>>> print(open('target.cif').read())   # mmCIF, C-alpha atoms and all ligand atoms
data_target
loop_
_atom_site.label_atom_id
_atom_site.label_comp_id
_atom_site.auth_asym_id
_atom_site.auth_seq_id
_atom_site.Cartn_x
_atom_site.Cartn_y
_atom_site.Cartn_z
CA MET K 985 18.27 -12.53 50.00
CA ASP K 986 17.60 -16.20 50.70
CA LEU K 987 20.59 -17.56 48.78
CA ASN K 988 19.97 -21.04 50.11
CA PHE K 989 16.55 -21.09 48.51
CA ASP K 990 18.13 -19.91 45.26
CA ARG K 991 20.73 -22.68 45.41
CA ASN K 992 18.18 -25.35 46.26
CA HIS K 993 15.26 -24.43 44.04
CA VAL K 994 16.04 -21.87 41.35
CA TRP K 995 17.60 -23.03 38.12
CA HIS K 996 20.09 -20.68 36.45
CA PRO K 997 21.33 -20.87 32.82
CA TYR K 998 23.25 -24.06 32.13
CA THR K 999 23.70 -25.00 35.78
CA SER K 1000 23.54 -28.10 37.88
CA THR K 1001 21.16 -28.58 40.79
CA LEU K 1002 23.69 -31.00 42.27
CA GLU K 1003 26.62 -28.61 42.39
CA PRO K 1004 25.28 -25.13 41.80
CA LEU K 1005 28.02 -22.55 41.33
CA THR K 1006 28.02 -19.33 43.29
CA CYS K 1007 25.53 -16.68 42.19
CA TYR K 1008 26.03 -13.10 43.30
CA PRO K 1009 22.86 -11.34 44.47
CA VAL K 1010 22.28 -8.04 42.68
CA SER K 1011 20.32 -5.28 44.39
CA HIS K 1012 20.22 -2.77 41.54
CA ALA K 1013 22.08 -1.60 38.47
CA SER K 1014 22.52 1.73 36.77
CA GLY K 1015 24.63 2.99 33.90
CA ASN K 1016 27.42 0.46 33.48
CA GLN K 1017 27.43 -0.51 37.16
CA ILE K 1018 25.96 -3.55 38.81
CA HIS K 1019 25.45 -3.17 42.56
CA LEU K 1020 25.59 -6.30 44.69
CA GLU K 1021 23.66 -6.81 47.92
CA SER K 1022 27.01 -7.11 49.65
CA GLY K 1023 27.59 -3.43 48.88
CA GLU K 1024 30.19 -4.07 46.18
CA THR K 1025 29.91 -2.30 42.83
CA LEU K 1026 30.92 -4.06 39.63
CA ILE K 1027 31.84 -2.46 36.31
CA ASP K 1028 29.78 -4.34 33.74
CA GLY K 1029 31.69 -6.01 30.92
CA MET K 1030 28.85 -8.15 29.56
CA SER K 1031 25.88 -5.84 28.84
CA SER K 1032 23.86 -8.77 30.27
CA TRP K 1033 24.72 -10.92 27.24
CA TRP K 1034 24.85 -8.25 24.51
CA ALA K 1035 21.59 -6.62 25.57
CA ALA K 1036 22.08 -3.56 27.83
CA ILE K 1037 23.78 -1.40 25.21
CA HIS K 1038 22.72 1.95 26.74
CA GLY K 1039 23.40 0.81 30.31
CA TYR K 1040 20.98 -0.07 33.10
CA ASN K 1041 18.23 2.04 34.58
CA HIS K 1042 18.25 4.47 31.66
CA PRO K 1043 15.98 7.49 32.24
CA GLN K 1044 14.49 7.47 28.72
CA LEU K 1045 13.86 3.73 28.70
CA ASN K 1046 12.38 3.89 32.21
CA GLN K 1047 10.10 6.68 31.13
CA ALA K 1048 8.91 4.78 28.06
CA ALA K 1049 8.11 1.74 30.20
CA MET K 1050 6.26 3.75 32.85
CA LYS K 1051 4.26 5.68 30.30
CA GLN K 1052 3.21 2.48 28.55
CA LEU K 1053 2.41 0.75 31.84
CA GLU K 1054 -0.28 3.36 32.47
CA GLN K 1055 -1.90 2.56 29.10
CA MET K 1056 -1.66 -1.24 29.12
CA SER K 1057 1.18 -3.65 29.66
CA HIS K 1058 -0.26 -6.26 27.35
CA VAL K 1059 -3.12 -7.00 25.02
CA MET K 1060 -3.41 -9.89 22.57
CA PHE K 1061 -2.07 -9.24 19.06
CA GLY K 1062 -4.56 -11.45 17.22
CA GLY K 1063 -7.16 -9.12 15.71
CA LEU K 1064 -5.92 -6.16 17.77
CA THR K 1065 -3.04 -3.79 17.20
CA HIS K 1066 -1.50 -0.82 19.01
CA GLN K 1067 0.70 2.23 18.67
CA PRO K 1068 3.82 0.79 20.39
CA ALA K 1069 4.03 -2.09 17.90
CA VAL K 1070 3.40 0.14 14.87
CA ASN K 1071 5.89 2.75 16.04
CA LEU K 1072 8.54 0.13 16.75
CA CYS K 1073 8.14 -1.62 13.39
CA LYS K 1074 8.26 1.74 11.57
CA LYS K 1075 11.54 2.56 13.30
CA LEU K 1076 12.95 -0.91 12.65
CA LEU K 1077 12.19 -0.68 8.93
CA GLN K 1078 13.99 2.64 8.76
CA LEU K 1079 17.14 1.03 10.16
CA VAL K 1080 17.31 -2.17 8.08
CA PRO K 1081 17.89 -2.56 4.31
CA SER K 1082 14.86 -1.31 2.39
CA SER K 1083 14.27 -4.76 0.85
CA LEU K 1084 13.04 -5.94 4.27
CA GLN K 1085 9.39 -4.93 4.50
CA HIS K 1086 7.58 -7.23 6.92
CA VAL K 1087 8.22 -7.61 10.65
CA PHE K 1088 7.23 -10.60 12.77
CA LEU K 1089 7.53 -9.78 16.47
CA ALA K 1090 8.49 -12.69 18.69
CA ASP K 1091 9.44 -13.15 22.30
CA SER K 1092 13.07 -14.26 22.36
CA GLY K 1093 16.05 -14.76 20.10
CA SER K 1094 15.53 -18.50 19.83
CA VAL K 1095 11.92 -17.99 18.80
CA ALA K 1096 12.97 -15.42 16.19
CA VAL K 1097 15.22 -18.14 14.74
CA GLU K 1098 12.40 -20.71 14.83
CA VAL K 1099 10.22 -18.18 13.01
CA ALA K 1100 12.90 -17.54 10.37
CA LEU K 1101 13.34 -21.26 9.72
CA LYS K 1102 9.58 -21.78 9.52
CA MET K 1103 9.28 -18.87 7.06
CA ALA K 1104 11.88 -20.49 4.82
CA LEU K 1105 10.16 -23.88 5.00
CA GLN K 1106 6.75 -22.40 4.24
CA TYR K 1107 8.25 -20.36 1.39
CA TRP K 1108 9.36 -23.52 -0.40
CA HIS K 1109 6.19 -25.38 0.53
CA SER K 1110 4.20 -22.61 -1.19
CA ARG K 1111 6.36 -23.04 -4.26
CA GLY K 1112 5.57 -26.73 -4.32
CA GLU K 1113 9.08 -27.84 -3.48
CA SER K 1114 10.18 -30.06 -0.64
CA ARG K 1115 13.25 -28.49 0.92
CA PRO K 1116 13.59 -29.84 4.44
CA ARG K 1117 17.19 -28.91 5.18
CA PHE K 1118 19.26 -25.93 6.24
CA LEU K 1119 22.88 -25.18 5.48
CA THR K 1120 24.82 -23.51 8.28
CA LEU K 1121 28.33 -23.07 9.68
CA ARG K 1122 30.38 -24.93 12.22
CA HIS K 1123 30.96 -22.90 15.42
CA GLY K 1124 27.55 -21.29 14.96
CA TYR K 1125 25.05 -20.63 17.72
CA HIS K 1126 21.39 -19.88 17.09
CA GLY K 1127 19.62 -20.60 20.37
CA ASP K 1128 18.40 -23.32 22.70
CA THR K 1129 15.03 -24.38 21.25
CA PHE K 1130 14.88 -27.46 19.05
CA ALA K 1131 15.13 -26.02 15.55
CA ALA K 1132 17.65 -23.44 16.73
CA MET K 1133 19.73 -26.20 18.36
CA SER K 1134 19.63 -28.21 15.16
CA VAL K 1135 21.52 -25.46 13.27
CA THR K 1136 23.96 -24.85 16.14
CA ASP K 1137 27.47 -26.34 15.98
CA PRO K 1138 27.17 -30.12 16.25
CA GLU K 1139 30.48 -30.55 18.12
CA ASN K 1140 30.14 -27.95 20.86
CA SER K 1141 26.45 -28.23 21.49
CA MET K 1142 23.66 -30.52 22.50
CA HIS K 1143 23.46 -32.50 19.27
CA ARG K 1144 24.76 -35.68 20.79
CA LEU K 1145 22.45 -35.43 23.76
CA TYR K 1146 19.36 -34.93 21.61
CA LYS K 1147 20.30 -37.22 18.75
CA GLY K 1148 17.17 -38.70 17.24
CA PHE K 1149 15.09 -35.68 18.21
CA LEU K 1150 17.03 -33.08 16.27
CA PRO K 1151 16.71 -32.89 12.50
CA GLU K 1152 20.13 -33.28 10.89
CA HIS K 1153 21.17 -30.32 8.80
CA ILE K 1154 24.24 -29.55 6.72
CA PHE K 1155 27.29 -27.91 8.26
CA ALA K 1156 30.00 -26.15 6.29
CA ASP K 1157 33.45 -25.31 7.65
CA SER K 1158 33.42 -21.99 9.44
CA PRO K 1159 35.51 -19.15 8.04
CA GLN K 1160 39.16 -19.17 9.13
CA THR K 1161 40.25 -15.81 7.75
CA GLY K 1162 40.06 -13.15 10.44
CA PHE K 1163 38.33 -9.83 9.83
CA HIS K 1164 41.56 -7.91 9.22
CA ASP K 1165 43.53 -10.71 7.54
CA GLU K 1166 44.06 -11.11 3.85
CA TRP K 1167 41.17 -13.04 2.34
CA ASN K 1168 41.96 -16.67 1.65
CA PRO K 1169 39.71 -17.99 -1.17
CA GLN K 1170 40.01 -21.53 0.23
CA ASP K 1171 37.83 -20.38 3.12
CA ILE K 1172 34.64 -20.62 1.08
CA GLU K 1173 35.45 -23.93 -0.63
CA ASP K 1174 33.66 -26.24 1.76
CA PHE K 1175 30.58 -24.01 1.84
CA GLN K 1176 30.56 -23.93 -1.94
CA HIS K 1177 30.94 -27.69 -2.08
CA GLN K 1178 28.03 -28.24 0.33
CA ILE K 1179 25.72 -25.89 -1.54
CA GLU K 1180 26.61 -27.44 -4.91
CA GLN K 1181 25.94 -30.90 -3.60
CA HIS K 1182 22.76 -30.29 -1.61
CA HIS K 1183 21.11 -27.18 -3.07
CA GLN K 1184 17.97 -28.99 -4.24
CA THR K 1185 17.05 -29.90 -0.66
CA ILE K 1186 18.21 -26.70 1.07
CA ALA K 1187 15.53 -24.20 2.13
CA ALA K 1188 17.92 -21.59 3.45
CA VAL K 1189 21.36 -20.78 4.72
CA ILE K 1190 21.46 -19.47 8.29
CA LEU K 1191 24.52 -17.83 9.82
CA GLU K 1192 25.75 -15.16 12.20
CA PRO K 1193 27.31 -12.42 10.07
CA ILE K 1194 30.94 -11.39 10.90
CA VAL K 1195 30.92 -12.58 14.53
CA GLN K 1196 30.13 -16.13 15.54
CA GLY K 1197 29.19 -15.49 19.16
CA ALA K 1198 28.44 -18.19 21.73
CA GLY K 1199 30.01 -20.84 19.45
CA GLY K 1200 33.50 -19.38 19.88
CA MET K 1201 33.59 -15.56 19.59
CA ARG K 1202 35.11 -15.86 16.11
CA ILE K 1203 35.43 -12.70 14.01
CA TYR K 1204 35.63 -13.41 10.30
CA HIS K 1205 36.29 -11.80 6.95
CA PRO K 1206 33.45 -9.88 5.22
CA ARG K 1207 34.40 -11.53 1.92
CA TYR K 1208 33.09 -14.85 3.27
CA LEU K 1209 29.65 -13.27 3.61
CA GLN K 1210 29.83 -11.80 0.12
CA GLU K 1211 30.67 -15.23 -1.29
CA VAL K 1212 27.80 -16.79 0.67
CA ARG K 1213 25.37 -14.18 -0.70
CA LYS K 1214 26.62 -14.85 -4.25
CA LEU K 1215 26.22 -18.61 -3.90
CA CYS K 1216 22.75 -18.24 -2.37
CA ASP K 1217 21.75 -16.09 -5.36
CA GLN K 1218 23.32 -18.50 -7.81
CA TYR K 1219 21.47 -21.50 -6.37
CA ASN K 1220 18.32 -19.56 -5.48
CA ILE K 1221 18.52 -20.26 -1.75
CA LEU K 1222 17.28 -17.91 0.98
CA LEU K 1223 19.82 -16.32 3.29
CA ILE K 1224 18.92 -15.86 6.96
CA ALA K 1225 21.18 -13.46 8.91
CA ASP K 1226 21.02 -14.08 12.65
CA GLU K 1227 21.98 -10.65 14.02
CA ILE K 1228 20.56 -11.36 17.47
CA ALA K 1229 23.99 -10.73 19.02
CA THR K 1230 25.53 -8.39 16.42
CA GLY K 1231 22.55 -6.11 15.72
CA PHE K 1232 22.23 -2.47 16.80
CA GLY K 1233 25.81 -1.32 16.52
CA ARG K 1234 27.81 -3.88 18.49
CA THR K 1235 30.32 -4.55 15.68
CA GLY K 1236 30.73 -0.89 14.72
CA LYS K 1237 28.05 -1.03 12.01
CA LEU K 1238 24.36 -0.90 12.81
CA PHE K 1239 24.11 -4.45 11.44
CA ALA K 1240 27.10 -6.72 10.85
CA CYS K 1241 25.94 -7.50 7.28
CA GLU K 1242 26.87 -3.91 6.43
CA HIS K 1243 30.58 -4.80 6.79
CA ALA K 1244 30.11 -6.92 3.67
CA GLY K 1245 27.53 -4.72 1.97
CA ILE K 1246 25.10 -7.62 1.66
CA GLU K 1247 21.40 -7.96 2.44
CA PRO K 1248 19.73 -11.07 3.82
CA ASP K 1249 16.31 -12.37 2.76
CA ILE K 1250 15.40 -12.88 6.41
CA LEU K 1251 16.89 -11.03 9.38
CA CYS K 1252 16.64 -11.99 13.06
CA VAL K 1253 17.18 -9.41 15.80
CA GLY K 1254 16.77 -9.71 19.56
CA LYS K 1255 19.05 -9.20 22.58
CA ALA K 1256 19.71 -5.40 22.37
CA LEU K 1257 16.32 -4.67 20.75
CA THR K 1258 14.84 -3.36 24.02
CA GLY K 1259 18.18 -2.06 25.26
CA GLY K 1260 18.25 -5.05 27.60
CA TYR K 1261 15.02 -4.22 29.40
CA MET K 1262 12.72 -7.00 28.33
CA THR K 1263 12.61 -10.03 26.14
CA LEU K 1264 11.57 -9.17 22.59
CA SER K 1265 12.82 -10.21 19.18
CA ALA K 1266 11.86 -9.71 15.56
CA THR K 1267 12.18 -11.60 12.31
CA LEU K 1268 12.08 -9.39 9.24
CA THR K 1269 11.70 -10.44 5.64
CA THR K 1270 11.14 -9.20 2.11
CA ARG K 1271 7.82 -8.64 0.41
CA HIS K 1272 8.63 -11.52 -1.95
CA VAL K 1273 9.18 -14.06 0.85
CA ALA K 1274 6.17 -12.86 2.86
CA GLU K 1275 3.87 -12.92 -0.16
CA THR K 1276 5.06 -16.34 -1.28
CA VAL K 1277 4.56 -17.74 2.24
CA CYS K 1278 1.03 -16.34 2.42
CA ALA K 1279 0.02 -17.39 -1.10
CA GLY K 1280 0.55 -21.02 -0.12
CA GLU K 1281 -1.79 -23.71 1.14
CA ALA K 1282 -1.98 -22.28 4.66
CA HIS K 1283 -2.83 -18.75 3.37
CA CYS K 1284 -0.91 -17.32 6.30
CA PHE K 1285 2.28 -17.66 8.27
CA MET K 1286 1.70 -20.35 10.88
CA HIS K 1287 3.00 -18.77 14.07
CA GLY K 1288 1.58 -16.54 16.79
CA PRO K 1289 2.97 -16.45 20.32
CA THR K 1290 0.65 -15.47 23.19
CA PHE K 1291 2.76 -12.45 24.08
CA MET K 1292 3.40 -11.42 20.47
CA GLY K 1293 3.97 -7.68 20.11
CA ASN K 1294 3.89 -7.09 23.88
CA PRO K 1295 3.18 -3.33 24.13
CA LEU K 1296 5.45 -2.76 27.12
CA ALA K 1297 8.41 -4.37 25.37
CA CYS K 1298 7.60 -2.58 22.10
CA ALA K 1299 7.45 0.82 23.83
CA VAL K 1300 10.85 0.30 25.45
CA ALA K 1301 12.31 -1.04 22.19
CA GLU K 1302 11.07 2.04 20.37
CA ALA K 1303 12.75 4.24 22.99
CA SER K 1304 15.96 2.23 22.60
CA LEU K 1305 15.88 2.66 18.82
CA SER K 1306 15.38 6.41 19.33
CA LEU K 1307 18.64 6.42 21.29
CA ILE K 1308 20.24 4.48 18.42
CA GLU K 1309 18.85 7.02 15.95
CA ASN K 1310 20.65 9.92 17.60
CA GLY K 1311 23.83 8.31 16.32
CA GLU K 1312 25.90 8.64 19.50
CA TRP K 1313 26.50 4.89 19.52
CA GLN K 1314 28.82 5.28 16.55
CA THR K 1315 31.34 7.43 18.42
CA GLN K 1316 30.97 5.33 21.56
CA VAL K 1317 31.55 2.01 19.82
CA GLN K 1318 34.41 3.54 17.83
CA GLN K 1319 36.05 4.69 21.07
CA ILE K 1320 35.70 1.24 22.60
CA GLU K 1321 37.18 -0.34 19.48
CA THR K 1322 40.12 2.09 19.57
CA PHE K 1323 40.64 1.24 23.23
CA PHE K 1324 40.68 -2.49 22.46
CA ALA K 1325 43.08 -2.00 19.55
CA LYS K 1326 45.45 -0.16 21.87
CA ASN K 1327 45.15 -2.33 24.97
CA LEU K 1328 44.30 -5.89 24.03
CA PRO K 1329 47.42 -6.78 21.96
CA GLN K 1330 49.68 -6.44 25.00
CA LEU K 1331 47.84 -9.33 26.67
CA GLN K 1332 49.38 -11.55 24.01
CA GLN K 1333 52.59 -11.54 26.10
CA TYR K 1334 51.06 -13.92 28.66
CA GLU K 1335 51.76 -17.59 28.18
CA MET K 1336 48.13 -18.40 28.88
CA VAL K 1337 46.94 -16.43 25.83
CA LYS K 1338 46.37 -18.10 22.48
CA GLU K 1339 44.92 -15.10 20.64
CA VAL K 1340 43.33 -11.73 21.25
CA ARG K 1341 40.80 -10.25 18.83
CA TRP K 1342 38.26 -7.47 18.75
CA ILE K 1343 35.73 -5.71 16.58
CA GLY K 1344 33.52 -2.76 17.51
CA ALA K 1345 32.63 -3.07 21.18
CA ILE K 1346 33.59 -6.77 21.42
CA GLY K 1347 36.94 -7.79 22.91
CA VAL K 1348 38.05 -11.41 23.12
CA VAL K 1349 40.96 -13.14 24.84
CA GLU K 1350 41.22 -16.79 23.87
CA THR K 1351 43.34 -18.86 26.26
CA HIS K 1352 45.07 -22.21 25.77
CA ILE K 1353 43.38 -23.68 28.81
CA PRO K 1354 39.73 -23.43 29.94
CA VAL K 1355 38.92 -21.20 32.88
CA LYS K 1356 37.83 -22.51 36.27
CA MET K 1357 34.48 -20.83 36.33
CA GLU K 1358 33.91 -20.54 40.07
CA GLN K 1359 37.42 -19.27 40.76
CA ILE K 1360 37.74 -16.83 37.88
CA GLN K 1361 34.29 -15.41 38.59
CA ALA K 1362 35.29 -14.74 42.21
CA HIS K 1363 38.51 -13.16 40.96
CA PHE K 1364 36.66 -10.77 38.66
CA VAL K 1365 34.22 -9.80 41.41
CA SER K 1366 37.17 -9.11 43.73
CA GLN K 1367 38.57 -6.84 41.00
CA GLY K 1368 35.28 -4.92 40.85
CA VAL K 1369 34.20 -6.09 37.41
CA TRP K 1370 31.53 -8.34 35.98
CA ILE K 1371 33.00 -10.61 33.30
CA ARG K 1372 31.64 -14.09 32.67
CA PRO K 1373 33.97 -16.22 30.56
CA PHE K 1374 33.21 -19.66 29.18
CA GLY K 1375 35.63 -22.43 28.27
CA ARG K 1376 38.76 -20.88 26.80
CA LEU K 1377 37.15 -17.52 26.11
CA ILE K 1378 37.36 -14.44 28.27
CA TYR K 1379 35.43 -11.78 26.43
CA ILE K 1380 33.87 -8.42 27.09
CA MET K 1381 31.12 -6.50 25.32
CA PRO K 1382 30.52 -3.54 27.63
CA PRO K 1383 27.60 -1.10 27.39
CA TYR K 1384 28.33 1.55 24.74
CA ILE K 1385 28.31 4.26 27.44
CA SER K 1386 31.38 2.76 29.20
CA ALA K 1387 34.03 5.35 30.06
CA ALA K 1388 37.72 4.82 29.28
CA ASP K 1389 38.62 4.33 32.97
CA ASP K 1390 36.05 1.57 33.25
CA LEU K 1391 37.33 -0.13 30.12
CA SER K 1392 40.82 0.01 31.68
CA GLN K 1393 39.52 -1.63 34.81
CA LEU K 1394 37.97 -4.44 32.75
CA VAL K 1395 41.18 -5.09 30.82
CA GLN K 1396 43.31 -4.88 33.97
CA ALA K 1397 41.09 -7.46 35.64
CA ILE K 1398 41.58 -9.79 32.68
CA GLU K 1399 45.33 -9.14 32.73
CA SER K 1400 45.58 -10.02 36.42
CA ALA K 1401 43.58 -13.21 35.82
CA LEU K 1402 45.99 -14.25 33.05
CA GLN K 1403 48.83 -14.12 35.57
CA GLN K 1404 47.16 -16.62 37.88
CA PRO K 1405 47.35 -20.20 36.61
CA ALA K 1406 45.14 -21.30 39.53
CA LEU K 1407 42.20 -19.68 37.76
CA PHE K 1408 42.58 -22.06 34.82
CA SER K 1409 41.86 -25.73 34.58
CA LEU K 1410 44.97 -27.70 33.75
CA ALA K 1411 42.89 -30.83 33.31
CA GLU K 1412 42.40 -30.49 29.53
C1 LIG N 1 21.57 -15.34 22.09
C2 LIG N 1 21.43 -15.74 20.68
C3 LIG N 1 20.30 -16.43 20.23
C4 LIG N 1 19.20 -16.88 21.17
O1 LIG N 1 18.54 -15.82 21.78
P1 LIG N 1 17.72 -16.07 23.15
O2 LIG N 1 17.07 -14.75 23.42
O3 LIG N 1 18.71 -16.48 24.18
O4 LIG N 1 16.73 -17.15 22.86
C5 LIG N 1 20.22 -16.75 18.90
N1 LIG N 1 21.21 -16.41 18.04
C6 LIG N 1 22.29 -15.73 18.43
C7 LIG N 1 23.33 -15.36 17.43
C8 LIG N 1 22.46 -15.38 19.76
O5 LIG N 1 23.57 -14.74 20.16
#
>>> encode(input="target.cif", output="structure tokens")
Amino acid sequence: MDLNFDRNHVWHPYTSTLEPLTCYPVSHASGNQIHLESGETLIDGMSSWWAAIHGYNHPQLNQAAMKQLEQMSHVMFGGLTHQPAVNLCKKLLQLVPSSLQHVFLADSGSVAVEVALKMALQYWHSRGESRPRFLTLRHGYHGDTFAAMSVTDPENSMHRLYKGFLPEHIFADSPQTGFHDEWNPQDIEDFQHQIEQHHQTIAAVILEPIVQGAGGMRIYHPRYLQEVRKLCDQYNILLIADEIATGFGRTGKLFACEHAGIEPDILCVGKALTGGYMTLSATLTTRHVAETVCAGEAHCFMHGPTFMGNPLACAVAEASLSLIENGEWQTQVQQIETFFAKNLPQLQQYEMVKEVRWIGAIGVVETHIPVKMEQIQAHFVSQGVWIRPFGRLIYIMPPYISAADDLSQLVQAIESALQQPALFSLAE
């Protein structure tokens, strides 16, 4: 592969054109293995950012894609419909709480969030109320588009850079009580305070249930979510659950909201929806919200991407949900969680480690010092694993199919990195 061309012309996520970091050329991937052009094989610890839950090159997903390709890969969704979209939405509705009755298919996680926020705004507009603000949590992450950025943590994100362009929303303190800790009622106080003070202007609360992902890999107490649901009901505010990272079994429940036994008014899913094959997301809502939105001045919901309901993506997503339906994920995720519970705590012995935590098939090692990206990446590749840390977080969320030996290899690679101070930046 022409790596020079890649370095000089192809932008990668969050990278500089001035000093591009090393990218490793991949020739193919299958199961939980990523094969590099160099001939090396890497055990995957990332599921390509939460997405490839069943592993790569899956026979059933391949078959669904090939079958659909012979029918049509795309057709516009305005005024036309098709079996793959109907089948997928049917399956989705069987998996989510029964109060969610309408599915809006979108093309990426960020767009699903934009759609959710627009639904909430149109809902209040229809009711003749001006509610221009959202209440959300510090350490949250909801995507890279403008509205999604505006509800993403103001400290760790692009707020400063885009000040003046981004609407300013309301941020409550993020939960401090860990998932397994004893609930501390003080945790909800700031959220309660914010909602009491601002409820007349708030359209909706948006949050990531149980696991705050890209904003810090924080795993919090289900009681926080229950309190949020109660306060939203009390003040008549919509609750948007962003399950783009947590959806489809990653936390040990099909959806993370289930840990708290609560139901959102609007639900966003993405990432693992197609089993990591293609970009597709969905925003689901209740009959009440949908009908209120559509009874308003616009008489419809004002959104419609060109590639909405892409048949190829829908067909693969339906096949992925069929794999979910067979229930095997539950045992697989449980086994990964048991493995983490047994093997992650011992990493606490290293000076570099601030905290280890895990839930379902998510394992996190938080260090005191940020990693040196280039160096630690090379280290992991030399250990035969694919793990991509950021800042002070080394985390893994392997495909559900990962075997115990492979999980061991991932944890051993992390352990060996923790013993090498040269892989960490002492500058901070
Ligand atoms: C990744 C992510 C998004 C954004 O999804 P994209 O497909 O990258 O646009 C939104 N919310 C959460 C919680 C995510 O993890």
>>> residues_near_ligand(input="target.cif", ligand="ligand LIG 1 (chain N)", cutoff="8 Å", atoms="all atoms listed in the file", output="number ranges by chain")
K: 1033-1034, 1091-1097, 1124-1129, 1132, 1192, 1196-1198, 1226-1230, 1254-1255, 1263-1265
>>> residues_around(input="target.cif", residues="K:Gly1236", least_positions_apart="6", cutoff="9 Å", atoms="all atoms listed in the file", output="mmCIF file with C-alpha atoms, in the frame of the given file")
data_model
loop_
_atom_site.group_PDB
_atom_site.id
_atom_site.type_symbol
_atom_site.label_atom_id
_atom_site.label_comp_id
_atom_site.auth_asym_id
_atom_site.auth_seq_id
_atom_site.Cartn_x
_atom_site.Cartn_y
_atom_site.Cartn_z
ATOM 1 C CA HIS K 1243 30.580 -4.800 6.790
ATOM 2 C CA TRP K 1313 26.500 4.890 19.520
ATOM 3 C CA GLN K 1314 28.820 5.280 16.550
ATOM 4 C CA VAL K 1317 31.550 2.010 19.820
ATOM 5 C CA GLN K 1318 34.410 3.540 17.830
ATOM 6 C CA GLU K 1321 37.180 -0.340 19.480
ATOM 7 C CA ILE K 1343 35.730 -5.710 16.580
ATOM 8 C CA GLY K 1344 33.520 -2.760 17.510
ATOM 9 C CA ALA K 1345 32.630 -3.070 21.180
#
>>> closest_residue(input="target.cif", among="K:Cys1007, K:Met1292, K:Leu1238, K:Ala1187", to="K:Val1087", atoms="all atoms listed in the file")
K:Met1292
>>> residues_around(input="target.cif", residues="K:Trp1167", least_positions_apart="4", cutoff="10 Å", atoms="all atoms listed in the file", output="short mmCIF file (atom, residue, chain, number, x, y, z; two decimals) with C-alpha atoms, in the coordinates of the input")
data_model
loop_
_atom_site.label_atom_id
_atom_site.label_comp_id
_atom_site.auth_asym_id
_atom_site.auth_seq_id
_atom_site.Cartn_x
_atom_site.Cartn_y
_atom_site.Cartn_z
CA GLN K 1160 39.16 -19.17 9.13
CA THR K 1161 40.25 -15.81 7.75
CA GLY K 1162 40.06 -13.15 10.44
CA PHE K 1163 38.33 -9.83 9.83
CA ASP K 1171 37.83 -20.38 3.12
CA TYR K 1204 35.63 -13.41 10.30
CA HIS K 1205 36.29 -11.80 6.95
CA PRO K 1206 33.45 -9.88 5.22
CA ARG K 1207 34.40 -11.53 1.92
CA TYR K 1208 33.09 -14.85 3.27
#
>>> closest_residue(input="target.cif", among="K:Met1142, K:Ala1188, K:Cys1073, K:Leu1251", to="K:Ala1225", atoms="all atoms listed in the file")
K:Leu1251
>>> residues_near_point(input="target.cif", point="(48.2, -9.3, 20.2)", cutoff="7 Å", atoms="only C-alpha atoms", output="PyMOL selection string")
chain K and resi 1328-1332+1339-1340
>>> atom_distance(input="target.cif", atom1="atom CA of K:Phe1364", atom2="atom CA of K:Ile1398")
7.8 Å
>>> closest_residue(input="target.cif", among="K:Pro1043, K:Gly1245, K:Gly1029, K:Pro1151", to="K:Gln1017", atoms="all atoms listed in the file")
K:Gly1029
>>> closest_residue(input="target.cif", among="K:Val1365, K:Leu1053, K:Met1286, K:Ile1380", to="K:Ser1031", atoms="all atoms listed in the file")
K:Ile1380
>>> closest_residue(input="target.cif", among="K:Ile1194, K:Met1336, K:Val1099, K:Ile1360", to="K:Ile1250", atoms="only C-alpha atoms")
K:Val1099
>>> atom_distance(input="target.cif", atom1="atom CA of K:Gln1181", atom2="atom CA of K:Leu1105")
19.3 Å
>>> closest_residue(input="target.cif", among="K:Val1369, K:Met1060, K:Ile1221, K:Cys1216", to="K:Arg1115", atoms="only C-alpha atoms")
K:Ile1221
>>> atom_distance(input="target.cif", atom1="atom CA of K:Pro997", atom2="atom CA of K:His1012")
20.1 Å
>>> residues_near_point(input="target.cif", point="(15.3, -28.5, 6.2)", cutoff="10 Å", atoms="only C-alpha atoms", output="mmCIF file with C-alpha atoms, in the frame of the given file")
data_model
loop_
_atom_site.group_PDB
_atom_site.id
_atom_site.type_symbol
_atom_site.label_atom_id
_atom_site.label_comp_id
_atom_site.auth_asym_id
_atom_site.auth_seq_id
_atom_site.Cartn_x
_atom_site.Cartn_y
_atom_site.Cartn_z
ATOM 1 C CA LEU K 1101 13.340 -21.260 9.720
ATOM 2 C CA LYS K 1102 9.580 -21.780 9.520
ATOM 3 C CA ALA K 1104 11.880 -20.490 4.820
ATOM 4 C CA LEU K 1105 10.160 -23.880 5.000
ATOM 5 C CA SER K 1114 10.180 -30.060 -0.640
ATOM 6 C CA ARG K 1115 13.250 -28.490 0.920
ATOM 7 C CA PRO K 1116 13.590 -29.840 4.440
ATOM 8 C CA ARG K 1117 17.190 -28.910 5.180
ATOM 9 C CA PHE K 1118 19.260 -25.930 6.240
ATOM 10 C CA LEU K 1119 22.880 -25.180 5.480
ATOM 11 C CA ALA K 1131 15.130 -26.020 15.550
ATOM 12 C CA SER K 1134 19.630 -28.210 15.160
ATOM 13 C CA VAL K 1135 21.520 -25.460 13.270
ATOM 14 C CA PRO K 1151 16.710 -32.890 12.500
ATOM 15 C CA GLU K 1152 20.130 -33.280 10.890
ATOM 16 C CA HIS K 1153 21.170 -30.320 8.800
ATOM 17 C CA ILE K 1154 24.240 -29.550 6.720
ATOM 18 C CA THR K 1185 17.050 -29.900 -0.660
ATOM 19 C CA ILE K 1186 18.210 -26.700 1.070
ATOM 20 C CA ALA K 1187 15.530 -24.200 2.130
ATOM 21 C CA ALA K 1188 17.920 -21.590 3.450
ATOM 22 C CA VAL K 1189 21.360 -20.780 4.720
#
